[in-house]
Amino acid sequence: MEAATQAVIEKIQAQIEELEQQIETKKKAINIFREIEGEAPMYADVGADRAKPLAAFRSDQFFGRPMATAAREILEQRAARNFGAISLDELYDTMKAGGFDFENKNDQIAKRNLAITLAKNTAFMRVPANGFIGLAQWYPNVKRKREKTPTNGTEDVN
């Protein structure tokens with residue numbers, strides 16, 4: 001990405017952040033008025049303890065990094081923003097925009113390699129309902145399926 005394009009993107013991101021702050025201020029005001037009236041807050045997603053949205057990834061942030069490390073950083077940032085799991089396509093696009101070198105010019109093969117890498121890594125978990133990818137620590141009550149191990153050719157076939 002050209003430096004001029006990156007500068008424009010950063011300027012627009014700053015404007016978005018300013019607008020988000022204005023929206024949060026207005027939501028807080030509504031919550032205060034509702035509290036005065038003895039009503040529950042209308043916007044539970046605002047408050048002093050809410051994490052501030054993180055900046056977008058740099059265009060070179062994932063360059064030279066291991067695949068799982070880049071994926072974990074993206075998911076951790078999503079968690080901080082309360083976004084949750086991510087589709088494989090969106091994860092791939094985010095990593096690529098962040099400078100990750102998939103070492104394969106074919107997008108489908110690169111996505112398949114990403115999916116395989118994450119499936120083998122116990123730090124990640126696929127949400128069966130939609131196929132999205134999340135961090136395993138987000139799902140402490142979900143038990144992983146155990147891999148079948150061959151028993152010297154004497155497997156029980158039932």
# chains A, B, ... in the order shown; residues from 1 in each chain; ligands from 1

call {"tool": "select_by_dssp", "arguments": {"residues": "range 5-98 of chain A", "states": "alpha helix (DSSP H)", "output": "NGL selection string"}}
result
:A and (5-36 or 67-80 or 88-97)

call {"tool": "residues_around", "arguments": {"residues": "Gln61 in chain A", "least_positions_apart": "3", "cutoff": "9 Å", "atoms": "only C-alpha atoms", "output": "number ranges by chain"}}
result
A: 57-58, 64-65, 70, 95, 98-100

call {"tool": "atom_distance", "arguments": {"atom1": "CA of Thr117 in chain A", "atom2": "CA of Ala80 in chain A"}}
result
23.7 Å

call {"tool": "atom_distance", "arguments": {"atom1": "CA of Ile16 in chain A", "atom2": "CA of Arg81 in chain A"}}
result
14.6 Å

call {"tool": "select_by_dssp", "arguments": {"residues": "chain A", "states": "strand (DSSP E)", "output": "PyMOL selection string"}}
result
chain A and resi 124-126+133-135

call {"tool": "write_last_selection", "arguments": {"atoms": "C-alpha atoms", "output": "PDB file, in the first residue's frame"}}
result
ATOM      1  CA  PHE A 124      -7.715 -21.986  18.457  1.00  0.00           C
ATOM      2  CA  MET A 125     -11.183 -23.440  18.157  1.00  0.00           C
ATOM      3  CA  ARG A 126     -13.731 -23.557  15.350  1.00  0.00           C
ATOM      4  CA  ILE A 133     -12.522 -19.225  14.489  1.00  0.00           C
ATOM      5  CA  GLY A 134     -12.021 -18.152  18.083  1.00  0.00           C
ATOM      6  CA  LEU A 135      -9.496 -18.620  20.847  1.00  0.00           C
TER       7      LEU A 135
END
